>>> print(open('protein_11.pdb').read())   # PDB, C-alpha atoms, pLDDT in the B column
MODEL        1
ATOM      1  CA  MET A   6      45.903 107.967   3.897  1.00 59.00           C
ATOM      2  CA  ASN A   7      47.745 107.630   7.210  1.00 68.00           C
ATOM      3  CA  SER A   8      50.632 105.208   7.630  1.00 83.00           C
ATOM      4  CA  PHE A   9      50.569 102.403  10.214  1.00 85.00           C
ATOM      5  CA  THR A  10      53.197 104.317  12.190  1.00 88.00           C
ATOM      6  CA  GLU A  11      51.078 107.468  12.257  1.00 88.00           C
ATOM      7  CA  GLU A  12      48.062 105.463  13.397  1.00 90.00           C
ATOM      8  CA  ASN A  13      50.117 103.833  16.161  1.00 90.00           C
ATOM      9  CA  TYR A  14      51.134 107.288  17.384  1.00 89.00           C
ATOM     10  CA  LEU A  15      47.514 108.445  17.462  1.00 93.00           C
ATOM     11  CA  LYS A  16      46.536 105.321  19.397  1.00 91.00           C
ATOM     12  CA  ALA A  17      49.361 105.822  21.904  1.00 89.00           C
ATOM     13  CA  ILE A  18      48.479 109.501  22.436  1.00 90.00           C
ATOM     14  CA  PHE A  19      44.829 108.594  22.979  1.00 90.00           C
ATOM     15  CA  LYS A  20      45.673 105.959  25.597  1.00 87.00           C
ATOM     16  CA  LEU A  21      48.110 108.278  27.394  1.00 87.00           C
ATOM     17  CA  SER A  22      45.635 111.182  27.337  1.00 84.00           C
ATOM     18  CA  SER A  23      43.000 109.029  29.069  1.00 77.00           C
ATOM     19  CA  LYS A  24      45.330 108.936  32.104  1.00 72.00           C
ATOM     20  CA  ASN A  25      46.113 112.662  32.022  1.00 68.00           C
ATOM     21  CA  SER A  26      43.732 115.591  31.594  1.00 67.00           C
ATOM     22  CA  GLY A  27      46.530 117.830  30.297  1.00 74.00           C
ATOM     23  CA  GLY A  28      48.682 117.455  27.200  1.00 84.00           C
ATOM     24  CA  VAL A  29      50.730 114.302  26.636  1.00 85.00           C
ATOM     25  CA  SER A  30      54.498 114.827  26.833  1.00 85.00           C
ATOM     26  CA  THR A  31      56.769 113.774  23.994  1.00 85.00           C
ATOM     27  CA  ASN A  32      58.851 111.801  26.514  1.00 86.00           C
ATOM     28  CA  SER A  33      55.856 109.724  27.610  1.00 88.00           C
ATOM     29  CA  ILE A  34      55.004 109.019  23.947  1.00 88.00           C
ATOM     30  CA  ALA A  35      58.615 107.962  23.303  1.00 89.00           C
ATOM     31  CA  GLU A  36      58.542 105.640  26.316  1.00 87.00           C
ATOM     32  CA  SER A  37      55.185 104.156  25.297  1.00 87.00           C
ATOM     33  CA  LEU A  38      56.365 103.419  21.754  1.00 87.00           C
ATOM     34  CA  ASN A  39      59.942 102.528  22.736  1.00 87.00           C
ATOM     35  CA  THR A  40      61.435 105.133  20.425  1.00 89.00           C
ATOM     36  CA  LYS A  41      63.598 108.267  20.622  1.00 87.00           C
ATOM     37  CA  ALA A  42      62.203 111.636  21.683  1.00 82.00           C
ATOM     38  CA  SER A  43      63.619 113.156  18.472  1.00 84.00           C
ATOM     39  CA  SER A  44      61.588 110.670  16.393  1.00 88.00           C
ATOM     40  CA  VAL A  45      58.467 111.630  18.339  1.00 88.00           C
ATOM     41  CA  THR A  46      59.074 115.325  17.663  1.00 87.00           C
ATOM     42  CA  ASP A  47      59.346 114.661  13.916  1.00 90.00           C
ATOM     43  CA  MET A  48      56.144 112.581  13.889  1.00 90.00           C
ATOM     44  CA  ILE A  49      54.211 115.136  15.953  1.00 91.00           C
ATOM     45  CA  LYS A  50      55.049 117.754  13.334  1.00 90.00           C
ATOM     46  CA  LYS A  51      53.690 115.481  10.568  1.00 91.00           C
ATOM     47  CA  LEU A  52      50.512 114.776  12.536  1.00 92.00           C
ATOM     48  CA  SER A  53      50.108 118.456  13.309  1.00 91.00           C
ATOM     49  CA  ASP A  54      50.439 119.327   9.608  1.00 91.00           C
ATOM     50  CA  LYS A  55      47.629 116.822   8.934  1.00 93.00           C
ATOM     51  CA  LYS A  56      45.555 118.483  11.668  1.00 93.00           C
ATOM     52  CA  LEU A  57      45.412 115.263  13.692  1.00 93.00           C
ATOM     53  CA  VAL A  58      47.106 116.693  16.811  1.00 92.00           C
ATOM     54  CA  ASN A  59      47.599 120.025  18.510  1.00 90.00           C
ATOM     55  CA  TYR A  60      51.027 120.645  20.015  1.00 87.00           C
ATOM     56  CA  LYS A  61      52.273 123.505  22.162  1.00 81.00           C
ATOM     57  CA  LYS A  62      55.778 123.535  23.574  1.00 77.00           C
ATOM     58  CA  TYR A  63      55.808 122.782  27.323  1.00 74.00           C
ATOM     59  CA  GLN A  64      52.074 121.957  27.207  1.00 79.00           C
ATOM     60  CA  GLY A  65      52.266 118.658  25.354  1.00 85.00           C
ATOM     61  CA  VAL A  66      50.195 116.995  22.655  1.00 91.00           C
ATOM     62  CA  ASN A  67      46.428 116.633  22.311  1.00 90.00           C
ATOM     63  CA  LEU A  68      44.430 114.878  19.605  1.00 92.00           C
ATOM     64  CA  THR A  69      42.128 116.932  17.417  1.00 92.00           C
ATOM     65  CA  LYS A  70      38.583 115.672  16.880  1.00 93.00           C
ATOM     66  CA  LYS A  71      39.679 113.960  13.658  1.00 94.00           C
ATOM     67  CA  GLY A  72      42.757 112.448  15.349  1.00 93.00           C
ATOM     68  CA  LYS A  73      40.645 111.106  18.207  1.00 92.00           C
ATOM     69  CA  GLU A  74      38.149 109.538  15.786  1.00 93.00           C
ATOM     70  CA  ILE A  75      40.980 107.681  13.995  1.00 92.00           C
ATOM     71  CA  ALA A  76      42.536 106.519  17.286  1.00 93.00           C
ATOM     72  CA  VAL A  77      39.218 105.227  18.654  1.00 93.00           C
ATOM     73  CA  SER A  78      38.494 103.439  15.375  1.00 94.00           C
ATOM     74  CA  ILE A  79      41.861 101.633  15.513  1.00 94.00           C
ATOM     75  CA  ILE A  80      41.342 100.650  19.151  1.00 93.00           C
ATOM     76  CA  ARG A  81      37.843  99.370  18.315  1.00 95.00           C
ATOM     77  CA  ASN A  82      39.241  97.264  15.462  1.00 95.00           C
ATOM     78  CA  HIS A  83      42.064  95.903  17.633  1.00 95.00           C
ATOM     79  CA  ARG A  84      39.858  94.829  20.501  1.00 95.00           C
ATOM     80  CA  LEU A  85      37.173  93.279  18.285  1.00 97.00           C
ATOM     81  CA  TRP A  86      39.818  91.241  16.465  1.00 97.00           C
ATOM     82  CA  GLU A  87      41.182  90.044  19.806  1.00 96.00           C
ATOM     83  CA  VAL A  88      37.701  88.818  20.775  1.00 96.00           C
ATOM     84  CA  PHE A  89      37.349  87.061  17.408  1.00 97.00           C
ATOM     85  CA  LEU A  90      40.742  85.357  17.698  1.00 96.00           C
ATOM     86  CA  VAL A  91      40.063  84.083  21.226  1.00 94.00           C
ATOM     87  CA  GLU A  92      36.383  83.179  20.941  1.00 94.00           C
ATOM     88  CA  LYS A  93      36.197  81.892  17.363  1.00 96.00           C
ATOM     89  CA  LEU A  94      39.724  80.686  16.551  1.00 96.00           C
ATOM     90  CA  ASN A  95      40.697  79.442  20.036  1.00 94.00           C
ATOM     91  CA  PHE A  96      43.805  81.573  20.465  1.00 94.00           C
ATOM     92  CA  LYS A  97      44.925  82.157  24.046  1.00 92.00           C
ATOM     93  CA  TRP A  98      44.759  85.670  25.540  1.00 92.00           C
ATOM     94  CA  ASP A  99      48.555  85.944  25.525  1.00 91.00           C
ATOM     95  CA  GLU A 100      48.773  85.197  21.764  1.00 92.00           C
ATOM     96  CA  VAL A 101      46.423  87.742  20.226  1.00 93.00           C
ATOM     97  CA  HIS A 102      47.922  91.186  20.822  1.00 90.00           C
ATOM     98  CA  ASP A 103      50.539  91.123  18.042  1.00 89.00           C
ATOM     99  CA  LEU A 104      48.088  89.623  15.537  1.00 93.00           C
ATOM    100  CA  ALA A 105      45.510  92.284  16.365  1.00 94.00           C
ATOM    101  CA  GLU A 106      48.197  94.960  15.919  1.00 90.00           C
ATOM    102  CA  ASP A 107      48.288  94.002  12.233  1.00 90.00           C
ATOM    103  CA  LEU A 108      44.549  93.460  11.780  1.00 93.00           C
ATOM    104  CA  GLU A 109      43.595  96.774  13.425  1.00 91.00           C
ATOM    105  CA  HIS A 110      44.826  98.751  10.406  1.00 88.00           C
ATOM    106  CA  ILE A 111      42.322  97.204   7.974  1.00 90.00           C
ATOM    107  CA  LYS A 112      40.243 100.174   6.859  1.00 85.00           C
ATOM    108  CA  SER A 113      36.697  98.942   6.336  1.00 91.00           C
ATOM    109  CA  LYS A 114      33.942 100.301   8.555  1.00 90.00           C
ATOM    110  CA  LYS A 115      31.554  97.723   7.088  1.00 94.00           C
ATOM    111  CA  LEU A 116      33.906  94.881   8.072  1.00 95.00           C
ATOM    112  CA  THR A 117      34.306  96.266  11.592  1.00 94.00           C
ATOM    113  CA  ASP A 118      30.563  96.746  12.103  1.00 94.00           C
ATOM    114  CA  GLN A 119      29.776  93.266  10.762  1.00 96.00           C
ATOM    115  CA  LEU A 120      32.502  91.732  12.943  1.00 96.00           C
ATOM    116  CA  ASP A 121      30.960  93.506  15.949  1.00 95.00           C
ATOM    117  CA  ALA A 122      27.509  92.114  15.084  1.00 96.00           C
ATOM    118  CA  PHE A 123      28.915  88.614  14.415  1.00 96.00           C
ATOM    119  CA  LEU A 124      30.484  88.641  17.895  1.00 96.00           C
ATOM    120  CA  GLU A 125      27.145  89.873  19.364  1.00 95.00           C
ATOM    121  CA  PHE A 126      28.450  93.330  20.319  1.00 94.00           C
ATOM    122  CA  PRO A 127      31.012  92.493  23.036  1.00 93.00           C
ATOM    123  CA  LYS A 128      31.680  95.215  25.604  1.00 92.00           C
ATOM    124  CA  TYR A 129      35.192  94.068  26.574  1.00 92.00           C
ATOM    125  CA  ASP A 130      38.108  92.310  24.903  1.00 93.00           C
ATOM    126  CA  PRO A 131      39.834  89.164  26.320  1.00 93.00           C
ATOM    127  CA  HIS A 132      42.035  91.353  28.553  1.00 93.00           C
ATOM    128  CA  GLY A 133      39.065  93.232  29.977  1.00 90.00           C
ATOM    129  CA  ASP A 134      39.709  96.412  27.954  1.00 90.00           C
ATOM    130  CA  PRO A 135      36.498  98.229  26.942  1.00 91.00           C
ATOM    131  CA  ILE A 136      35.568  98.102  23.250  1.00 93.00           C
ATOM    132  CA  PRO A 137      34.375 101.434  21.773  1.00 92.00           C
ATOM    133  CA  ASP A 138      30.958 101.164  20.117  1.00 89.00           C
ATOM    134  CA  LYS A 139      30.346 102.271  16.505  1.00 85.00           C
ATOM    135  CA  ASP A 140      29.794 105.849  17.719  1.00 85.00           C
ATOM    136  CA  GLY A 141      33.097 105.894  19.604  1.00 84.00           C
ATOM    137  CA  ASN A 142      31.626 105.676  23.110  1.00 85.00           C
ATOM    138  CA  ILE A 143      33.796 103.798  25.626  1.00 85.00           C
ATOM    139  CA  ASN A 144      32.482 102.255  28.833  1.00 81.00           C
ATOM    140  CA  ARG A 145      35.647 102.557  30.932  1.00 77.00           C
ATOM    141  CA  HIS A 146      36.449 100.578  34.063  1.00 71.00           C
ATOM    142  CA  GLN A 147      36.580 102.348  37.371  1.00 72.00           C
ATOM    143  CA  ASP A 148      40.359 102.272  37.610  1.00 70.00           C
ATOM    144  CA  ILE A 149      40.943 100.321  40.837  1.00 89.00           C
ATOM    145  CA  THR A 150      43.810  97.859  40.971  1.00 93.00           C
ATOM    146  CA  LEU A 151      44.527  94.969  43.290  1.00 95.00           C
ATOM    147  CA  ALA A 152      47.250  97.143  44.863  1.00 95.00           C
ATOM    148  CA  ASP A 153      44.515  99.580  46.007  1.00 94.00           C
ATOM    149  CA  LEU A 154      42.750  96.953  48.126  1.00 94.00           C
ATOM    150  CA  LYS A 155      43.310  96.772  51.864  1.00 94.00           C
ATOM    151  CA  LYS A 156      43.641  93.705  54.041  1.00 94.00           C
ATOM    152  CA  LYS A 157      40.430  91.589  54.123  1.00 94.00           C
ATOM    153  CA  GLU A 158      38.930  93.470  51.154  1.00 94.00           C
ATOM    154  CA  GLN A 159      37.611  91.495  48.186  1.00 94.00           C
ATOM    155  CA  GLY A 160      37.221  91.984  44.443  1.00 93.00           C
ATOM    156  CA  VAL A 161      36.792  90.345  41.047  1.00 94.00           C
ATOM    157  CA  VAL A 162      39.410  90.535  38.267  1.00 94.00           C
ATOM    158  CA  VAL A 163      37.937  92.581  35.388  1.00 92.00           C
ATOM    159  CA  GLY A 164      41.010  93.606  33.396  1.00 91.00           C
ATOM    160  CA  VAL A 165      44.767  93.936  33.043  1.00 93.00           C
ATOM    161  CA  LYS A 166      46.945  96.971  32.386  1.00 88.00           C
ATOM    162  CA  GLU A 167      49.989  94.989  31.255  1.00 88.00           C
ATOM    163  CA  HIS A 168      49.616  92.857  28.119  1.00 87.00           C
ATOM    164  CA  SER A 169      53.065  91.255  27.930  1.00 89.00           C
ATOM    165  CA  LYS A 170      53.147  87.519  27.294  1.00 90.00           C
ATOM    166  CA  SER A 171      55.157  86.884  30.477  1.00 92.00           C
ATOM    167  CA  TYR A 172      52.647  88.757  32.655  1.00 94.00           C
ATOM    168  CA  LEU A 173      49.598  87.076  31.107  1.00 93.00           C
ATOM    169  CA  ASN A 174      51.267  83.662  31.487  1.00 92.00           C
ATOM    170  CA  TYR A 175      51.968  84.467  35.132  1.00 93.00           C
ATOM    171  CA  LEU A 176      48.321  85.390  35.717  1.00 93.00           C
ATOM    172  CA  GLU A 177      47.059  82.258  33.991  1.00 91.00           C
ATOM    173  CA  ASN A 178      49.420  80.019  35.968  1.00 91.00           C
ATOM    174  CA  THR A 179      48.115  81.499  39.235  1.00 92.00           C
ATOM    175  CA  ASN A 180      44.439  81.457  38.118  1.00 90.00           C
ATOM    176  CA  LEU A 181      44.281  85.271  38.202  1.00 92.00           C
ATOM    177  CA  VAL A 182      42.146  85.428  35.056  1.00 91.00           C
ATOM    178  CA  LEU A 183      39.073  87.531  34.282  1.00 91.00           C
ATOM    179  CA  GLY A 184      36.244  86.673  36.655  1.00 92.00           C
ATOM    180  CA  SER A 185      38.452  85.284  39.435  1.00 94.00           C
ATOM    181  CA  GLU A 186      37.451  86.323  42.958  1.00 95.00           C
ATOM    182  CA  ILE A 187      40.192  87.653  45.205  1.00 95.00           C
ATOM    183  CA  LYS A 188      40.466  88.321  48.929  1.00 95.00           C
ATOM    184  CA  VAL A 189      43.491  90.090  50.405  1.00 95.00           C
ATOM    185  CA  THR A 190      44.698  88.126  53.423  1.00 95.00           C
ATOM    186  CA  ASP A 191      47.964  89.949  54.131  1.00 94.00           C
ATOM    187  CA  ILE A 192      50.016  92.954  52.936  1.00 95.00           C
ATOM    188  CA  ILE A 193      53.765  93.151  53.625  1.00 94.00           C
ATOM    189  CA  ASP A 194      54.753  96.631  54.836  1.00 92.00           C
ATOM    190  CA  PHE A 195      58.275  96.442  53.401  1.00 93.00           C
ATOM    191  CA  ASP A 196      57.461  96.076  49.702  1.00 93.00           C
ATOM    192  CA  LYS A 197      53.612  96.118  49.612  1.00 93.00           C
ATOM    193  CA  SER A 198      53.547  92.578  48.243  1.00 95.00           C
ATOM    194  CA  MET A 199      50.382  90.676  49.100  1.00 95.00           C
ATOM    195  CA  THR A 200      49.104  87.299  50.069  1.00 95.00           C
ATOM    196  CA  ILE A 201      45.713  86.747  48.448  1.00 94.00           C
ATOM    197  CA  THR A 202      43.149  83.966  48.269  1.00 95.00           C
ATOM    198  CA  VAL A 203      41.917  83.201  44.750  1.00 93.00           C
ATOM    199  CA  ASN A 204      38.399  81.773  44.296  1.00 93.00           C
ATOM    200  CA  LYS A 205      38.205  80.984  48.029  1.00 91.00           C
ATOM    201  CA  LYS A 206      40.735  78.162  47.836  1.00 89.00           C
ATOM    202  CA  GLN A 207      44.150  78.979  46.341  1.00 91.00           C
ATOM    203  CA  GLU A 208      46.645  81.119  48.274  1.00 93.00           C
ATOM    204  CA  VAL A 209      48.965  83.232  46.111  1.00 92.00           C
ATOM    205  CA  ASN A 210      51.817  85.619  46.921  1.00 94.00           C
ATOM    206  CA  ILE A 211      51.853  88.542  44.487  1.00 95.00           C
ATOM    207  CA  SER A 212      54.340  91.387  44.073  1.00 95.00           C
ATOM    208  CA  ASN A 213      53.326  95.037  44.199  1.00 95.00           C
ATOM    209  CA  GLN A 214      54.266  95.471  40.519  1.00 94.00           C
ATOM    210  CA  ALA A 215      52.019  92.577  39.492  1.00 94.00           C
ATOM    211  CA  SER A 216      49.127  93.771  41.676  1.00 95.00           C
ATOM    212  CA  LYS A 217      49.319  97.322  40.249  1.00 94.00           C
ATOM    213  CA  ASN A 218      48.564  95.934  36.780  1.00 93.00           C
ATOM    214  CA  LEU A 219      45.495  93.893  37.739  1.00 94.00           C
ATOM    215  CA  ILE A 220      42.202  95.796  37.467  1.00 93.00           C
ATOM    216  CA  ILE A 221      39.635  94.883  40.104  1.00 94.00           C
ATOM    217  CA  LYS A 222      35.933  95.446  40.673  1.00 91.00           C
ATOM    218  CA  LYS A 223      35.583  95.780  44.425  1.00 90.00           C
ATOM    219  CA  LEU A 224      33.037  93.587  46.168  1.00 88.00           C
TER     220      LEU A 224
ENDMDL
END
>>> encode(input="protein_11.pdb", output="structure tokens")
Amino acid sequence: MNSFTEENYLKAIFKLSSKNSGGVSTNSIAESLNTKASSVTDMIKKLSDKKLVNYKKYQGVNLTKKGKEIAVSIIRNHRLWEVFLVEKLNFKWDEVHDLAEDLEHIKSKKLTDQLDAFLEFPKYDPHGDPIPDKDGNINRHQDITLADLKKKEQGVVVGVKEHSKSYLNYLENTNLVLGSEIKVTDIIDFDKSMTITVNKKQEVNISNQASKNLIIKKL
């Protein structure tokens, strides 16, 4: 039986490895989990002893097949619970992450599969993150952000990279929610901030940091 902490490490390594074809550094894991590098080193040894990760000094950490299966299962649980909380219990998208962090550790494949069926097999969670299917397959977004668009280019919001309450509140207050259409009307050379038109009517000024965390499907 793996502890919640061990499962959170596996999940973090999986997410970091999807952005990097090589091994994941202990420093990046520490930053992701807001913990000390020494704590990461201790946990990596435990996970390695359980054959859930492979670690080579200077080459980083990779999940074993078993470690990846556990990580994907946790992510699947988390994202299905987020859908349930938003669609069936009327939680807002900025309220569900912490609740799903607790619910994701429930170990019942039958419960997960029946939840998936009850929700009619959703492909994405309320933040636009892809939900792994029961076989662990993930239909990932093409990773284009609003910051990648040029002047006069258009797109539709399909996901967010940042899940903090303050960021999601900011997006909601400016109508930058999933499905919103965006057109870039101006880009400031100095700081790469943008002026955009949302849904063909509302003009919004958005910082480069905010635009880098908004995933777009280009039109």
>>> closest_residue(input="protein_11.pdb", among="A:Ser171, A:Thr10, A:Ser53, A:Thr46", to="Trp98 in chain A", atoms="all atoms listed in the file")
A:Ser171
>>> residues_around(input="protein_11.pdb", residues="range 37-41 of chain A", least_positions_apart="4", cutoff="8 Å", atoms="only C-alpha atoms", output="PyMOL selection string")
chain A and resi 14+17+33+45
>>> closest_atom_pairs(input="protein_11.pdb", of="range 99-168 of chain A", to="range 199-222 of chain A", cutoff="7 Å", atoms="all atoms listed in the file", output="JSON lines")
{"residue": "A:Asp148", "atom": "CA", "partner": "A:Ile220", "partner_atom": "CA", "distance": 6.7}
{"residue": "A:Ile149", "atom": "CA", "partner": "A:Ile221", "partner_atom": "CA", "distance": 5.6}
{"residue": "A:Thr150", "atom": "CA", "partner": "A:Ile220", "partner_atom": "CA", "distance": 4.4}
{"residue": "A:Leu151", "atom": "CA", "partner": "A:Ser216", "partner_atom": "CA", "distance": 5.0}
{"residue": "A:Ala152", "atom": "CA", "partner": "A:Ser216", "partner_atom": "CA", "distance": 5.0}
{"residue": "A:Gly160", "atom": "CA", "partner": "A:Lys222", "partner_atom": "CA", "distance": 5.3}
{"residue": "A:Val161", "atom": "CA", "partner": "A:Lys222", "partner_atom": "CA", "distance": 5.2}
{"residue": "A:Val162", "atom": "CA", "partner": "A:Ile221", "partner_atom": "CA", "distance": 4.7}
{"residue": "A:Val163", "atom": "CA", "partner": "A:Ile221", "partner_atom": "CA", "distance": 5.5}
{"residue": "A:Gly164", "atom": "CA", "partner": "A:Ile220", "partner_atom": "CA", "distance": 4.8}
{"residue": "A:Val165", "atom": "CA", "partner": "A:Leu219", "partner_atom": "CA", "distance": 4.8}
{"residue": "A:Lys166", "atom": "CA", "partner": "A:Asn218", "partner_atom": "CA", "distance": 4.8}
{"residue": "A:Glu167", "atom": "CA", "partner": "A:Asn218", "partner_atom": "CA", "distance": 5.8}
>>> residues_near_point(input="protein_11.pdb", point="(46.8, 115.9, 16.0)", cutoff="7 Å", atoms="all atoms listed in the file", output="list in words")
Leu52, Ser53, Lys56, Leu57, Val58, Asn59, Asn67, Leu68, Thr69 and Gly72 of chain A
>>> atom_distance(input="protein_11.pdb", atom1="CA of Ile18 in chain A", atom2="CA of Glu100 in chain A")
24.3 Å
>>> atom_distance(input="protein_11.pdb", atom1="CA of Phe89 in chain A", atom2="CA of Leu124 in chain A")
7.1 Å
>>> resolve_selection(input="protein_11.pdb", expression="the PyMOL selection byres ((chain A and resi 79) around 12)", output="PyMOL selection string")
chain A and resi 7+9+11-17+19-20+72-78+80-86+105-114+117+136-139+141
>>> closest_residue(input="protein_11.pdb", among="A:Val101, A:Leu120, A:Val66, A:Val91", to="Ser30 in chain A", atoms="only C-alpha atoms")
A:Val66
>>> resolve_selection(input="protein_11.pdb", expression="the PyMOL selection byres ((chain A and resi 156) around 8)", output="ChimeraX atom specification")
/A:154-155,157-158,189-192
>>> atom_distance(input="protein_11.pdb", atom1="CA of Gln147 in chain A", atom2="CA of Lys197 in chain A")
21.9 Å
>>> closest_residue(input="protein_11.pdb", among="A:Ser43, A:His132, A:Ser22, A:Val29", to="Tyr60 in chain A", atoms="only C-alpha atoms")
A:Val29
>>> closest_residue(input="protein_11.pdb", among="A:Glu125, A:Pro131, A:Asp103, A:His168", to="Val88 in chain A", atoms="only C-alpha atoms")
A:Pro131
>>> closest_residue(input="protein_11.pdb", among="A:Lys128, A:Leu224, A:Asn174, A:Ile193", to="Asn142 in chain A", atoms="only C-alpha atoms")
A:Lys128
>>> closest_residue(input="protein_11.pdb", among="A:Lys223, A:Ser8, A:Tyr175, A:Ile34", to="Asp153 in chain A", atoms="all atoms listed in the file")
A:Lys223
>>> build_atoms(input="protein_11.pdb", residues="range 114-126 of chain A", atoms="N, CA and C atoms", output="short mmCIF file (atom, residue, chain, number, x, y, z; two decimals), keeping the file's coordinate frame")
data_model
loop_
_atom_site.label_atom_id
_atom_site.label_comp_id
_atom_site.auth_asym_id
_atom_site.auth_seq_id
_atom_site.Cartn_x
_atom_site.Cartn_y
_atom_site.Cartn_z
N LYS A 114 34.94 100.13 7.50
CA LYS A 114 33.94 100.30 8.56
C LYS A 114 32.89 99.19 8.48
N LYS A 115 32.54 98.79 7.24
CA LYS A 115 31.55 97.72 7.09
C LYS A 115 32.06 96.43 7.72
N LEU A 116 33.33 96.09 7.48
CA LEU A 116 33.91 94.88 8.07
C LEU A 116 33.88 94.96 9.60
N THR A 117 34.28 96.11 10.14
CA THR A 117 34.31 96.27 11.59
C THR A 117 32.91 96.13 12.19
N ASP A 118 31.93 96.80 11.58
CA ASP A 118 30.56 96.75 12.10
C ASP A 118 29.97 95.33 12.00
N GLN A 119 30.30 94.63 10.91
CA GLN A 119 29.78 93.27 10.76
C GLN A 119 30.49 92.30 11.71
N LEU A 120 31.77 92.53 11.96
CA LEU A 120 32.50 91.73 12.94
C LEU A 120 31.89 91.93 14.33
N ASP A 121 31.59 93.18 14.67
CA ASP A 121 30.96 93.51 15.95
C ASP A 121 29.63 92.76 16.10
N ALA A 122 28.81 92.80 15.05
CA ALA A 122 27.51 92.11 15.08
C ALA A 122 27.68 90.60 15.17
N PHE A 123 28.65 90.05 14.40
CA PHE A 123 28.92 88.61 14.42
C PHE A 123 29.30 88.14 15.81
N LEU A 124 30.04 88.98 16.54
CA LEU A 124 30.48 88.64 17.90
C LEU A 124 29.44 89.00 18.95
N GLU A 125 28.28 89.50 18.49
CA GLU A 125 27.14 89.87 19.36
C GLU A 125 27.49 91.05 20.27
N PHE A 126 28.19 92.03 19.69
CA PHE A 126 28.45 93.33 20.32
C PHE A 126 29.12 93.22 21.70
#
